[in-house]
Amino acid sequence: MLFISFYPLPQFIMAQQPILSLPEFHNVSTGSLVVKEALNFWGGARVQPKDTKNAEPVYEPATGRVLCDMIPCGEVEVDEAIKSAHSAYLKWSKLSGLERARIMLEAARIIRERRDGIARLEVINNGKSITEAEVDIDVAWQCIEYYAGIAPTLAGQHIQLPGGSFAYTRREPLGVCVGIGAWNYPFQIAAWKSAPAFACGNAMVFKPSPMTPLTAVILAEIYKEAGVPDGLFNVVQGGAETGTLLCHHPMVAKVSFTGSVPTGKKVMEMSAKSVKQVTLELGGKSPLIIFKDCELENAVKGALMANFLTQGEVCCNGTRVFVQREIMKPFVEEVVKRTKAIVIGDPLLEGTRMGALISKPHMEKVLGFISQAQQQGAKVLCGGEPYVPSDPKLKGGYYVSPCVLDNCRDDMTCVKEEIFGPVMSILPFDTEEEVLQRANNTTFGLASGVFTRDIARAHRVAENLQAGTCFINNYNVSPVEVPFGGYKMSGFGRENGVVTIEYYSQLKTVVVEMGDVESLF
């Protein structure tokens with residue numbers, strides 16, 4: 001048992017079954033699951049925490065009951081995980097792109113095959129509807145499949161120099177990358193960060209949000225089953241203290257963070273101390289502009305998609321809905337009618353379209369924003385109240401009825417700050433020039449959208465909106481082939497698309513002299 005000297009024996013003494021194969025994880029239903037398994041993962045296996053004194057309860061959003069305990073990793077555990085990753089990196093980086101692709105494609109196949117089971121666990125941990133969670137899992141395997149396709153194509157450049165000399169470039173991996181995930185898309189974000197990292201030859205240590213610790217471990221077990229070297233994808237649980245240890249660790253080459261602006265600033269500051277590369281995908285307060293010549297039916301559907309996916313807990317949501325004054329009345333009437341018809345309830349039921357918010361404190365924060373909006377003069381047209389489903393087991397859950405606010409002004413808190421809940425603020429406008437100025441009057445710049453039949457206007461507005469993404473006649477469509485990231489305080493770097501390879505690799509220039517050295521000395 002040669003591994004005894006590197007990993008303490010008690011952590012690995014028993015053979016492990018993957019979480020998804022355990023009986024209690026089969027066909028889980030709302031309010032039925034209690035997770036007792038270790039949720040850390042490195043060296044190719046789940047790892048028991050060393051110290052349980054700082055355990056925090058993790059709640060099932062749909063019911064409010066305790067789902068499991070999140071036990072944060074300390075300095076020794078973080079160090080073990082990173083050293084495990086570095087060991088795997090030394091092996092993985094020596095494989096050809098085609099060899100890496102073969103293993104990644106197998107991981108994508110396994111996820112596709114087990115999609116329904118993974119989605120159900122995502123719902124129990126996160127609270128979103130099963131319909132959305134299934135799409136999230138599909139996006140995850142598509143992302144891994146996409147970067148598997150890119151892995152064999154990675155290549156450098158040949159540059160001819162005078163006298164027969166030449167230079168070439170090599171695209172090389174960074175080493176051990178850290179991914180820090182958010183609670184709104186736990187499994188999908190883990191795939192979005194690990195897939196391009198692996199395609200380039202890196203290893204990853206991933207820290208999920210302390211509120212959603214469950215499904216990242218499932219991804220780790222799937223990667224292992226697919227054939228990655230033990231330690232290539234590791235999961236460390238924890239909050240701010242664990243994140244700090246990861247950002248400061250000298251063996252980490254890059255940190256990719258998804259989350260809030262204040263935490264993103266701290267990640268950037270900590271990483272700067274050892275000049276680590278950083279990708280930040282932060283918050284937003286995105287504008288959605290509805291012109292009077294739009295196709296009204298599509299604009300209404302777009303506004304609902306821009307505000308109410310995942311209970312409004314989406315960083316790129318178009319929560320500032322600017323509507324040209326001439327169509328304000330019919331637009332608002334139709335939006336309110338359809339918002340009132342959104343089915344709230346048990347997120348594991350196929351008919352549910354809105355589940356529970358992530359936590360009780362977050363629910364109270366969202367309700368506080370709505371109350372403050374009313375105090376500042378906004379009018380609640382529908383929703384914005386705690387919702388209690390009829391099913392008794394859901395009565396402790398964190399439900400809020402989707403809210404539409406009218407009579408909003410640009411200086412209101414609900415219009416300026418990210419609420420991260422099911423709250424749509426509607427604002428009238430008159431001219432294109434005016435609405436562009438108002439839309440860009442924000443410190444954020446993650447996404448934006450425009451609905452119009454005028455193709456020249458659509459592209460003109462897209463050019464002038466200060467955001468990393470602009471949707472024309474749609475919203476919240478994020479194919480893995482397309483780069484995603486922000487302007488201004490919404491962050492920098494990109495996820496998805498070919499360009500993300502540049503953020504998980506580095507370029508080496510090799511200069512070859514074919515003649516004699518010309519020396520000045």
# chains A, B, ... in the order shown; residues from 1 in each chain; ligands from 1
$ select_by_dssp --residues "range 142-305 of chain A" --states "strand (DSSP E or B)" --output "ChimeraX atom specification"
/A:158-160,166-173,176-180,203-207,233-235,252-258,277-281,287-290
$ closest_atom_pairs --of "range 57-146 of chain A" --to "range 399-422 of chain A" --cutoff "12 Å" --atoms "only C-alpha atoms" --output "JSON lines"
{"residue": "A:Pro61", "atom": "CA", "partner": "A:Tyr399", "partner_atom": "CA", "distance": 8.4}
{"residue": "A:Ala62", "atom": "CA", "partner": "A:Tyr399", "partner_atom": "CA", "distance": 7.7}
{"residue": "A:Thr63", "atom": "CA", "partner": "A:Tyr399", "partner_atom": "CA", "distance": 9.6}
{"residue": "A:Gly64", "atom": "CA", "partner": "A:Tyr399", "partner_atom": "CA", "distance": 10.2}
{"residue": "A:Gly127", "atom": "CA", "partner": "A:Tyr399", "partner_atom": "CA", "distance": 9.4}
{"residue": "A:Lys128", "atom": "CA", "partner": "A:Tyr399", "partner_atom": "CA", "distance": 10.7}
$ write_last_selection --atoms "N, CA and C atoms" --output "CSV table (one decimal), in the first residue's frame"
chain,number,residue,atom,x,y,z
A,61,PRO,N,-33.3,24.0,-0.1
A,61,PRO,CA,-34.2,25.2,-0.2
A,61,PRO,C,-35.7,24.9,-0.3
A,62,ALA,N,-36.0,23.8,-0.9
A,62,ALA,CA,-37.5,23.5,-1.1
A,62,ALA,C,-38.2,23.2,0.2
A,63,THR,N,-37.5,22.8,1.2
A,63,THR,CA,-38.2,22.4,2.4
A,63,THR,C,-37.6,23.1,3.6
A,64,GLY,N,-36.4,23.7,3.6
A,64,GLY,CA,-35.8,24.3,4.7
A,64,GLY,C,-35.2,23.4,5.7
A,127,GLY,N,-32.5,24.2,-5.4
A,127,GLY,CA,-33.9,24.7,-5.3
A,127,GLY,C,-34.5,25.0,-6.7
A,128,LYS,N,-33.7,25.0,-7.8
A,128,LYS,CA,-34.3,25.4,-9.1
A,128,LYS,C,-35.2,24.3,-9.6
$ residues_around --residues "Val275 in chain A" --least-positions-apart "5" --cutoff "10 Å" --atoms "only C-alpha atoms" --output "VMD selection string"
chain A and resid 253 to 254 268 to 270
$ select_by_dssp --residues "range 269-468 of chain A" --states "alpha helix (DSSP H)" --output "MDAnalysis selection string"
chainID A and resid 269:272 296:308 328:340 360:375 413:416 432:439 455:464
$ closest_residue --among "A:Thr279, A:Ser84, A:Thr431, A:Asn54" --to "Ser490 in chain A" --atoms "only C-alpha atoms"
A:Thr279
$ atom_distance --atom1 "CA of Glu463 in chain A" --atom2 "CA of Ile150 in chain A"
29.0 Å
$ closest_residue --among "A:Thr258, A:Gln506, A:Ser425, A:Thr319" --to "Pro173 in chain A" --atoms "only C-alpha atoms"
A:Gln506
$ closest_atom_pairs --of "range 10-39 of chain A" --to "range 334-357 of chain A" --cutoff "10 Å" --atoms "only C-alpha atoms" --output "Markdown table"
| residue | atom | partner | partner_atom | distance |
| --- | --- | --- | --- | --- |
| A:Val28 | CA | A:Leu348 | CA | 9.2 |
| A:Ser29 | CA | A:Leu348 | CA | 7.1 |
| A:Thr30 | CA | A:Leu348 | CA | 6.7 |
| A:Gly31 | CA | A:Asp346 | CA | 9.9 |
$ closest_residue --among "A:Val517, A:Ala303, A:Met70, A:Ile290" --to "Leu39 in chain A" --atoms "only C-alpha atoms"
A:Met70
$ residues_around --residues "Tyr147 in chain A" --least-positions-apart "5" --cutoff "8 Å" --atoms "only C-alpha atoms" --output "list in words"
Ala101, Ala195, Pro196 and Ala199 of chain A
$ write_last_selection --atoms "all heavy atoms" --output "short mmCIF file (atom, residue, chain, number, x, y, z; two decimals), in the first residue's frame"
data_model
loop_
_atom_site.label_atom_id
_atom_site.label_comp_id
_atom_site.auth_asym_id
_atom_site.auth_seq_id
_atom_site.Cartn_x
_atom_site.Cartn_y
_atom_site.Cartn_z
N ALA A 101 -8.56 14.27 -25.13
CA ALA A 101 -9.92 14.37 -25.69
C ALA A 101 -10.69 13.07 -25.50
O ALA A 101 -11.89 13.08 -25.19
CB ALA A 101 -9.85 14.72 -27.18
N ALA A 195 -13.41 21.97 -17.91
CA ALA A 195 -13.26 21.47 -19.28
C ALA A 195 -12.16 22.20 -20.07
O ALA A 195 -11.26 21.56 -20.63
CB ALA A 195 -14.60 21.54 -20.02
N PRO A 196 -12.17 23.54 -20.13
CA PRO A 196 -11.07 24.20 -20.85
C PRO A 196 -9.72 24.02 -20.16
O PRO A 196 -8.68 23.94 -20.83
CB PRO A 196 -11.48 25.68 -20.88
CG PRO A 196 -12.46 25.84 -19.76
CD PRO A 196 -13.16 24.52 -19.65
N ALA A 199 -8.53 20.58 -21.27
CA ALA A 199 -8.17 20.57 -22.69
C ALA A 199 -6.75 21.10 -22.89
O ALA A 199 -6.00 20.63 -23.75
CB ALA A 199 -9.16 21.40 -23.50
#
$ decode --residues "range 146-195 of chain A" --atoms "N, CA and C atoms" --output "JSON list (two decimals), in the first residue's frame"
[["chain", "number", "residue", "atom", "x", "y", "z"],
["A", 146, "TYR", "N", -17.31, 19.86, -26.07],
["A", 146, "TYR", "CA", -16.79, 20.94, -26.92],
["A", 146, "TYR", "C", -15.28, 21.10, -26.75],
["A", 147, "TYR", "N", -14.82, 21.15, -25.50],
["A", 147, "TYR", "CA", -13.38, 21.34, -25.28],
["A", 147, "TYR", "C", -12.59, 20.07, -25.57],
["A", 148, "ALA", "N", -13.24, 18.93, -25.50],
["A", 148, "ALA", "CA", -12.57, 17.71, -25.97],
["A", 148, "ALA", "C", -12.26, 17.83, -27.46],
["A", 149, "GLY", "N", -13.17, 18.44, -28.19],
["A", 149, "GLY", "CA", -12.95, 18.65, -29.63],
["A", 149, "GLY", "C", -11.83, 19.64, -29.91],
["A", 150, "ILE", "N", -11.64, 20.59, -29.01],
["A", 150, "ILE", "CA", -10.60, 21.60, -29.20],
["A", 150, "ILE", "C", -9.22, 21.08, -28.80],
["A", 151, "ALA", "N", -9.17, 20.19, -27.81],
["A", 151, "ALA", "CA", -7.89, 19.73, -27.26],
["A", 151, "ALA", "C", -6.88, 19.27, -28.33],
["A", 152, "PRO", "N", -7.29, 18.45, -29.31],
["A", 152, "PRO", "CA", -6.29, 18.00, -30.30],
["A", 152, "PRO", "C", -5.87, 19.08, -31.30],
["A", 153, "THR", "N", -6.58, 20.21, -31.31],
["A", 153, "THR", "CA", -6.27, 21.26, -32.29],
["A", 153, "THR", "C", -5.30, 22.30, -31.76],
["A", 154, "LEU", "N", -4.96, 22.22, -30.48],
["A", 154, "LEU", "CA", -4.08, 23.23, -29.90],
["A", 154, "LEU", "C", -2.71, 23.16, -30.55],
["A", 155, "ALA", "N", -2.24, 24.28, -31.04],
["A", 155, "ALA", "CA", -0.99, 24.28, -31.80],
["A", 155, "ALA", "C", -0.34, 25.65, -31.70],
["A", 156, "GLY", "N", 0.93, 25.69, -32.02],
["A", 156, "GLY", "CA", 1.66, 26.95, -32.04],
["A", 156, "GLY", "C", 1.78, 27.50, -33.45],
["A", 157, "GLN", "N", 2.73, 28.37, -33.62],
["A", 157, "GLN", "CA", 2.92, 29.08, -34.88],
["A", 157, "GLN", "C", 4.38, 28.96, -35.31],
["A", 158, "HIS", "N", 4.62, 28.90, -36.60],
["A", 158, "HIS", "CA", 5.98, 28.87, -37.13],
["A", 158, "HIS", "C", 6.25, 30.21, -37.80],
["A", 159, "ILE", "N", 7.38, 30.84, -37.44],
["A", 159, "ILE", "CA", 7.72, 32.15, -38.00],
["A", 159, "ILE", "C", 9.10, 32.05, -38.66],
["A", 160, "GLN", "N", 9.14, 32.30, -39.97],
["A", 160, "GLN", "CA", 10.41, 32.25, -40.70],
["A", 160, "GLN", "C", 11.21, 33.52, -40.44],
["A", 161, "LEU", "N", 12.49, 33.36, -40.12],
["A", 161, "LEU", "CA", 13.38, 34.49, -39.86],
["A", 161, "LEU", "C", 14.48, 34.55, -40.92],
["A", 162, "PRO", "N", 15.23, 35.66, -41.04],
["A", 162, "PRO", "CA", 16.27, 35.77, -42.07],
["A", 162, "PRO", "C", 17.36, 34.70, -41.94],
["A", 163, "GLY", "N", 17.95, 34.34, -43.09],
["A", 163, "GLY", "CA", 19.08, 33.43, -43.12],
["A", 163, "GLY", "C", 18.74, 31.99, -42.79],
["A", 164, "GLY", "N", 17.48, 31.64, -42.95],
["A", 164, "GLY", "CA", 17.08, 30.26, -42.68],
["A", 164, "GLY", "C", 16.73, 29.98, -41.23],
["A", 165, "SER", "N", 16.97, 30.96, -40.35],
["A", 165, "SER", "CA", 16.58, 30.79, -38.95],
["A", 165, "SER", "C", 15.06, 30.86, -38.84],
["A", 166, "PHE", "N", 14.55, 30.44, -37.71],
["A", 166, "PHE", "CA", 13.10, 30.47, -37.54],
["A", 166, "PHE", "C", 12.76, 30.50, -36.05],
["A", 167, "ALA", "N", 11.49, 30.78, -35.78],
["A", 167, "ALA", "CA", 10.98, 30.72, -34.42],
["A", 167, "ALA", "C", 9.66, 29.97, -34.45],
["A", 168, "TYR", "N", 9.30, 29.42, -33.32],
["A", 168, "TYR", "CA", 7.97, 28.82, -33.20],
["A", 168, "TYR", "C", 7.42, 29.07, -31.80],
["A", 169, "THR", "N", 6.12, 28.96, -31.68],
["A", 169, "THR", "CA", 5.48, 29.14, -30.38],
["A", 169, "THR", "C", 4.87, 27.84, -29.92],
["A", 170, "ARG", "N", 4.84, 27.66, -28.61],
["A", 170, "ARG", "CA", 4.22, 26.50, -27.98],
["A", 170, "ARG", "C", 3.12, 27.00, -27.04],
["A", 171, "ARG", "N", 1.93, 26.43, -27.15],
["A", 171, "ARG", "CA", 0.88, 26.75, -26.19],
["A", 171, "ARG", "C", 0.94, 25.71, -25.07],
["A", 172, "GLU", "N", 1.31, 26.15, -23.89],
["A", 172, "GLU", "CA", 1.58, 25.24, -22.79],
["A", 172, "GLU", "C", 0.59, 25.45, -21.65],
["A", 173, "PRO", "N", 0.33, 24.42, -20.84],
["A", 173, "PRO", "CA", -0.58, 24.56, -19.71],
["A", 173, "PRO", "C", 0.01, 25.45, -18.62],
["A", 174, "LEU", "N", -0.84, 25.90, -17.72],
["A", 174, "LEU", "CA", -0.41, 26.75, -16.62],
["A", 174, "LEU", "C", 0.06, 25.93, -15.43],
["A", 175, "GLY", "N", -0.62, 24.81, -15.18],
["A", 175, "GLY", "CA", -0.30, 23.98, -14.01],
["A", 175, "GLY", "C", -1.56, 23.67, -13.21],
["A", 176, "VAL", "N", -1.54, 23.96, -11.93],
["A", 176, "VAL", "CA", -2.71, 23.72, -11.07],
["A", 176, "VAL", "C", -3.58, 24.97, -11.09],
["A", 177, "CYS", "N", -4.81, 24.82, -11.53],
["A", 177, "CYS", "CA", -5.78, 25.91, -11.57],
["A", 177, "CYS", "C", -6.80, 25.71, -10.45],
["A", 178, "VAL", "N", -7.23, 26.81, -9.86],
["A", 178, "VAL", "CA", -8.28, 26.77, -8.84],
["A", 178, "VAL", "C", -9.56, 27.30, -9.46],
["A", 179, "GLY", "N", -10.66, 26.56, -9.27],
["A", 179, "GLY", "CA", -11.98, 27.04, -9.65],
["A", 179, "GLY", "C", -12.80, 27.28, -8.39],
["A", 180, "ILE", "N", -13.42, 28.45, -8.29],
["A", 180, "ILE", "CA", -14.29, 28.76, -7.15],
["A", 180, "ILE", "C", -15.68, 29.03, -7.72],
["A", 181, "GLY", "N", -16.63, 28.16, -7.35],
["A", 181, "GLY", "CA", -17.94, 28.18, -7.98],
["A", 181, "GLY", "C", -18.99, 28.95, -7.18],
["A", 182, "ALA", "N", -20.13, 29.16, -7.81],
["A", 182, "ALA", "CA", -21.28, 29.84, -7.21],
["A", 182, "ALA", "C", -22.40, 28.84, -6.98],
["A", 183, "TRP", "N", -23.41, 29.27, -6.20],
["A", 183, "TRP", "CA", -24.47, 28.34, -5.83],
["A", 183, "TRP", "C", -25.62, 28.27, -6.82],
["A", 184, "ASN", "N", -25.64, 29.14, -7.83],
["A", 184, "ASN", "CA", -26.80, 29.13, -8.73],
["A", 184, "ASN", "C", -26.69, 28.09, -9.85],
["A", 185, "TYR", "N", -25.46, 27.73, -10.24],
["A", 185, "TYR", "CA", -25.25, 26.69, -11.26],
["A", 185, "TYR", "C", -24.11, 25.78, -10.81],
["A", 186, "PRO", "N", -24.28, 25.02, -9.74],
["A", 186, "PRO", "CA", -23.14, 24.31, -9.13],
["A", 186, "PRO", "C", -22.42, 23.34, -10.07],
["A", 187, "PHE", "N", -23.15, 22.44, -10.69],
["A", 187, "PHE", "CA", -22.53, 21.43, -11.55],
["A", 187, "PHE", "C", -22.04, 22.05, -12.85],
["A", 188, "GLN", "N", -22.84, 22.90, -13.44],
["A", 188, "GLN", "CA", -22.50, 23.51, -14.72],
["A", 188, "GLN", "C", -21.24, 24.36, -14.61],
["A", 189, "ILE", "N", -21.11, 25.16, -13.55],
["A", 189, "ILE", "CA", -19.92, 26.00, -13.39],
["A", 189, "ILE", "C", -18.68, 25.14, -13.22],
["A", 190, "ALA", "N", -18.81, 24.03, -12.48],
["A", 190, "ALA", "CA", -17.66, 23.13, -12.31],
["A", 190, "ALA", "C", -17.19, 22.59, -13.65],
["A", 191, "ALA", "N", -18.12, 22.31, -14.55],
["A", 191, "ALA", "CA", -17.77, 21.84, -15.89],
["A", 191, "ALA", "C", -17.19, 22.97, -16.73],
["A", 192, "TRP", "N", -17.80, 24.16, -16.65],
["A", 192, "TRP", "CA", -17.33, 25.31, -17.41],
["A", 192, "TRP", "C", -15.87, 25.65, -17.09],
["A", 193, "LYS", "N", -15.47, 25.44, -15.84],
["A", 193, "LYS", "CA", -14.10, 25.78, -15.45],
["A", 193, "LYS", "C", -13.12, 24.63, -15.71],
["A", 194, "SER", "N", -13.57, 23.41, -15.46],
["A", 194, "SER", "CA", -12.64, 22.28, -15.59],
["A", 194, "SER", "C", -12.40, 21.88, -17.05],
["A", 195, "ALA", "N", -13.41, 21.97, -17.91],
["A", 195, "ALA", "CA", -13.26, 21.47, -19.28],
["A", 195, "ALA", "C", -12.16, 22.20, -20.07]]
